[in-house]
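In what follows, a single structure is set out as structure tokens and then discussed.
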Amino acid sequence: MAASSKSAVVLKAVKKIAVQFCPFESNVRSTREFLLFVGSEKARSTNMNCEVITTVKHDKSEPVVDVTFVDGERLLMKGAKLTTREMLSAFQSRCTAKDPQAKAGVKK
Amino acid sequence: MMAATLCGKLLPKQGWLPVTQSVRHGSKAVTRHRKPIHILKQKLLAVTKYVPPTPVVPKGAYPFERQEVKEESGFVLLLKRELKKLFQDYKMVAVAQNCNSNAEDMRILKHRLHRHGIAVKFFPNQVMCSFLSDSVYSNMAPLFIGPTVLFVSKEPKVKEMLTSLRSSPQMTLLGACIDNTLLSAQGVVSYSKLPSVSVVQGELVSGLTMMTAHTASMLLRHPAHLSALLQQYVKQQSSEEAPKAEEAT
């Protein structure tokens, strides 16, 4: 688990993260671990404005992570068949892709 | 070594040993740095190095067929006994996941819940899962993934628990077992909206006695009114029967 994120999650380009899952299903582990990672102190301290909303359902629906970025882009991850690492890597790659752009623009 | 060389010259009398004996010193076998080895010895060691055999199947590809039955340690048994007592004593057992709460938040939450008589318990997930799979509550087992907290109370005080949990954003209610019935998060919310037992009983009693109360109130009215009503009823019955008889014929 610790090896899957060498650099902490940078949430500066993220506006909102909505996680929904049904805890009685068995395919929920990766989504829950992703939620732990994203909701941790380190991640939240990078951006205090980012909201992490968790919805607990009971309708045998698939676990879904819906990320809304600052520039309006939306990332929808269906966590039923994904591992935590895959979800984190996809999420982090998009975050870092958006973030250095803003940083580099500011520096220049 | 020195003692051996001295023996021949400095031992004039028999049985005389020198006062000081110097033992070989100067080089240690175990050093902190890599001790220089002779190149030939180095080559020999390199050639004869142990190479473990590569497994045909990589590790973790196939699960172990024979399940290792580990004996449970005393601590685990103690925890299981506690859990058993917990499920017997406490009517309400709620499970929540906390993303991250520092000690301060936990302290405040514990204080708030303690005021309503709700205790906060922590148990290791493995122990919890093994206990649940043996007991009646096996369907609760998939809830226990990640850091989980148990809220237990003797009286099912759901409303207070929900209000306290709403104030702490990190806690996510996953489910609860109230009065030996497993409820989901929405079930818990709807349970909290239920009226109390006395109110429900009152409603049931009033619903059942509605008909008899209606009859009793009607009988209390003036008898002339009642006889007029009965006559009207008889007329209606006869008027209904007459068209039915005509239809039949």
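To be explicit about the labels: the chains of the structure tokens are called A, B, and onward in the order shown, and within each one the residues are counted from 1, while ligands get numbers from 1 in the order they are shown.
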Give me the residues near region 178-185 of chain B as a list in words, where near means some atom within 8 Å (using only C-alpha atoms) and where sequence neighbours in that chain fewer than 5 positions away do not count.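 Residues near the query, excluding close chain neighbours: Val56, Lys57 and His58 of chain A; Lys91, Met92, Val93, Ala94, Met140, Pro156 and Leu173 of chain B.
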Distance cut-off 10 Å, counting only C-alpha atoms - which residues of chain A neighbour chain B? Return them as a PyMOL selection string. chain A and resi 21-29+32-33+35-42+52-58
Would you work out the distance separating CA of Gln88 (chain B) from CA of Asp59 (chain A), expressed in Å to one decimal? 29.5 Å
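Our summary of the geometry notes that CA of Ala96 (chain B) is positioned 20.5 Å from CA of Ser135 (chain B).
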What are the DSSP helix (DSSP H, G or I) residues of region 5-35 of chain A, as a list in words?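 Assigned to helix (DSSP H, G or I), within region 5-35 of chain A: Arg29, Ser30, Thr31, Arg32, Glu33, Phe34 and Leu35 of chain A.
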CA of Ser30 (chain A) to CA of Thr84 (chain A): how many Å, to one decimal?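 Computed distance, CA of Ser30 (chain A) to CA of Thr84 (chain A), equals 4.6 Å.
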Contacts of region 74-84 of chain B at 12 Å (only C-alpha atoms; same-chain gap of 5+ positions) as a list in words: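 Residues near the query, excluding close chain neighbours: Asp89, Tyr90, Val93, Lys121, Phe122, Phe123, Pro124, Asn125, Gln126, Val127, Met128, Cys129, Ser130, Phe131, Leu132, Ser133, Asp134, Ser135, Val136, Tyr137, Leu150 and Val152 of chain B.
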Leu194 (chain B) surroundings by only C-alpha atoms, 12 Å radius, close-in-sequence under 6 positions cut, as a PyMOL selection string: chain B and resi 156-159+187-188+200
With N, CA, C and O atoms retained, could you export that selection as a PDB file, in the first residue's frame?
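Output saved as result29.pdb:
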ATOM      1  N   PRO B 156     -30.794   1.357  21.652  1.00  0.00           N
ATOM      2  CA  PRO B 156     -30.536   1.791  20.272  1.00  0.00           C
ATOM      3  C   PRO B 156     -30.807   3.276  20.075  1.00  0.00           C
ATOM      4  O   PRO B 156     -31.869   3.679  19.656  1.00  0.00           O
ATOM      5  N   LYS B 157     -29.822   4.087  20.393  1.00  0.00           N
ATOM      6  CA  LYS B 157     -29.979   5.535  20.257  1.00  0.00           C
ATOM      7  C   LYS B 157     -29.402   5.973  18.925  1.00  0.00           C
ATOM      8  O   LYS B 157     -28.272   6.419  18.825  1.00  0.00           O
ATOM      9  N   VAL B 158     -30.203   5.846  17.922  1.00  0.00           N
ATOM     10  CA  VAL B 158     -29.669   6.024  16.566  1.00  0.00           C
ATOM     11  C   VAL B 158     -29.581   7.494  16.204  1.00  0.00           C
ATOM     12  O   VAL B 158     -28.635   7.937  15.575  1.00  0.00           O
ATOM     13  N   LYS B 159     -30.600   8.268  16.609  1.00  0.00           N
ATOM     14  CA  LYS B 159     -30.630   9.687  16.209  1.00  0.00           C
ATOM     15  C   LYS B 159     -29.418  10.430  16.735  1.00  0.00           C
ATOM     16  O   LYS B 159     -28.767  11.178  16.002  1.00  0.00           O
ATOM     17  N   GLY B 187     -30.928   1.996   6.010  1.00  0.00           N
ATOM     18  CA  GLY B 187     -31.814   1.363   6.983  1.00  0.00           C
ATOM     19  C   GLY B 187     -31.701   2.014   8.342  1.00  0.00           C
ATOM     20  O   GLY B 187     -32.700   2.200   9.046  1.00  0.00           O
ATOM     21  N   VAL B 188     -30.474   2.393   8.697  1.00  0.00           N
ATOM     22  CA  VAL B 188     -30.265   3.044   9.992  1.00  0.00           C
ATOM     23  C   VAL B 188     -30.967   4.397  10.013  1.00  0.00           C
ATOM     24  O   VAL B 188     -31.605   4.766  11.000  1.00  0.00           O
ATOM     25  N   VAL B 200     -46.203   3.938  18.474  1.00  0.00           N
ATOM     26  CA  VAL B 200     -46.680   2.941  17.495  1.00  0.00           C
ATOM     27  C   VAL B 200     -47.775   2.076  18.109  1.00  0.00           C
ATOM     28  O   VAL B 200     -48.787   1.780  17.471  1.00  0.00           O
TER      29      VAL B 200
END
Do a neighbour search on region 65-79 of chain A at 6 Å with only C-alpha atoms, toss out local chain neighbours closer than 4 positions, and write the hits as a list in words.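 Near region 65-79 of chain A, the qualifying residues are Ala13, Val14, Lys15, Lys16, Ile17, Ala18, Val19 and Thr31 of chain A.
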Using all heavy atoms, can you export the residues from the last selection as a PDB file, in the first residue's frame?
ATOM      1  N   ALA A  13      -5.428  20.382  -8.285  1.00  0.00           N
ATOM      2  CA  ALA A  13      -6.263  20.621  -9.461  1.00  0.00           C
ATOM      3  C   ALA A  13      -7.623  19.969  -9.342  1.00  0.00           C
ATOM      4  O   ALA A  13      -8.363  19.890 -10.317  1.00  0.00           O
ATOM      5  CB  ALA A  13      -5.548  20.080 -10.700  1.00  0.00           C
ATOM      6  N   VAL A  14      -7.962  19.507  -8.149  1.00  0.00           N
ATOM      7  CA  VAL A  14      -9.206  18.751  -7.997  1.00  0.00           C
ATOM      8  C   VAL A  14     -10.206  19.595  -7.243  1.00  0.00           C
ATOM      9  O   VAL A  14      -9.882  20.212  -6.236  1.00  0.00           O
ATOM     10  CB  VAL A  14      -8.936  17.445  -7.229  1.00  0.00           C
ATOM     11  CG1 VAL A  14     -10.212  16.705  -6.999  1.00  0.00           C
ATOM     12  CG2 VAL A  14      -7.966  16.581  -7.994  1.00  0.00           C
ATOM     13  N   LYS A  15     -11.440  19.599  -7.761  1.00  0.00           N
ATOM     14  CA  LYS A  15     -12.480  20.384  -7.088  1.00  0.00           C
ATOM     15  C   LYS A  15     -13.275  19.514  -6.136  1.00  0.00           C
ATOM     16  O   LYS A  15     -13.548  19.877  -4.998  1.00  0.00           O
ATOM     17  CB  LYS A  15     -13.397  20.948  -8.176  1.00  0.00           C
ATOM     18  CG  LYS A  15     -14.244  22.086  -7.705  1.00  0.00           C
ATOM     19  CD  LYS A  15     -14.854  22.784  -8.919  1.00  0.00           C
ATOM     20  CE  LYS A  15     -16.234  23.250  -8.584  1.00  0.00           C
ATOM     21  NZ  LYS A  15     -17.011  23.592  -9.766  1.00  0.00           N
ATOM     22  N   LYS A  16     -13.685  18.327  -6.618  1.00  0.00           N
ATOM     23  CA  LYS A  16     -14.572  17.504  -5.808  1.00  0.00           C
ATOM     24  C   LYS A  16     -14.340  16.031  -6.118  1.00  0.00           C
ATOM     25  O   LYS A  16     -14.122  15.662  -7.270  1.00  0.00           O
ATOM     26  CB  LYS A  16     -16.010  17.881  -6.145  1.00  0.00           C
ATOM     27  CG  LYS A  16     -17.040  17.245  -5.217  1.00  0.00           C
ATOM     28  CD  LYS A  16     -18.414  17.807  -5.491  1.00  0.00           C
ATOM     29  CE  LYS A  16     -19.147  16.830  -6.396  1.00  0.00           C
ATOM     30  NZ  LYS A  16     -20.601  16.990  -6.338  1.00  0.00           N
ATOM     31  N   ILE A  17     -14.393  15.223  -5.068  1.00  0.00           N
ATOM     32  CA  ILE A  17     -14.293  13.778  -5.276  1.00  0.00           C
ATOM     33  C   ILE A  17     -15.508  13.149  -4.626  1.00  0.00           C
ATOM     34  O   ILE A  17     -15.738  13.296  -3.428  1.00  0.00           O
ATOM     35  CB  ILE A  17     -13.010  13.210  -4.630  1.00  0.00           C
ATOM     36  CG1 ILE A  17     -11.788  13.917  -5.198  1.00  0.00           C
ATOM     37  CG2 ILE A  17     -12.913  11.727  -4.879  1.00  0.00           C
ATOM     38  CD1 ILE A  17     -10.498  13.456  -4.596  1.00  0.00           C
ATOM     39  N   ALA A  18     -16.308  12.453  -5.416  1.00  0.00           N
ATOM     40  CA  ALA A  18     -17.495  11.796  -4.874  1.00  0.00           C
ATOM     41  C   ALA A  18     -17.295  10.284  -4.994  1.00  0.00           C
ATOM     42  O   ALA A  18     -17.119   9.767  -6.093  1.00  0.00           O
ATOM     43  CB  ALA A  18     -18.733  12.220  -5.656  1.00  0.00           C
ATOM     44  N   VAL A  19     -17.328   9.616  -3.859  1.00  0.00           N
ATOM     45  CA  VAL A  19     -17.122   8.165  -3.848  1.00  0.00           C
ATOM     46  C   VAL A  19     -18.420   7.523  -3.406  1.00  0.00           C
ATOM     47  O   VAL A  19     -18.989   7.905  -2.383  1.00  0.00           O
ATOM     48  CB  VAL A  19     -16.006   7.782  -2.860  1.00  0.00           C
ATOM     49  CG1 VAL A  19     -15.738   6.301  -2.935  1.00  0.00           C
ATOM     50  CG2 VAL A  19     -14.758   8.560  -3.168  1.00  0.00           C
ATOM     51  N   THR A  31     -12.010   0.426  -3.937  1.00  0.00           N
ATOM     52  CA  THR A  31     -12.625   1.751  -3.810  1.00  0.00           C
ATOM     53  C   THR A  31     -12.446   2.296  -2.404  1.00  0.00           C
ATOM     54  O   THR A  31     -12.140   3.475  -2.207  1.00  0.00           O
ATOM     55  CB  THR A  31     -14.127   1.663  -4.132  1.00  0.00           C
ATOM     56  OG1 THR A  31     -14.298   0.838  -5.272  1.00  0.00           O
ATOM     57  CG2 THR A  31     -14.700   3.023  -4.397  1.00  0.00           C
TER      58      THR A  31
END
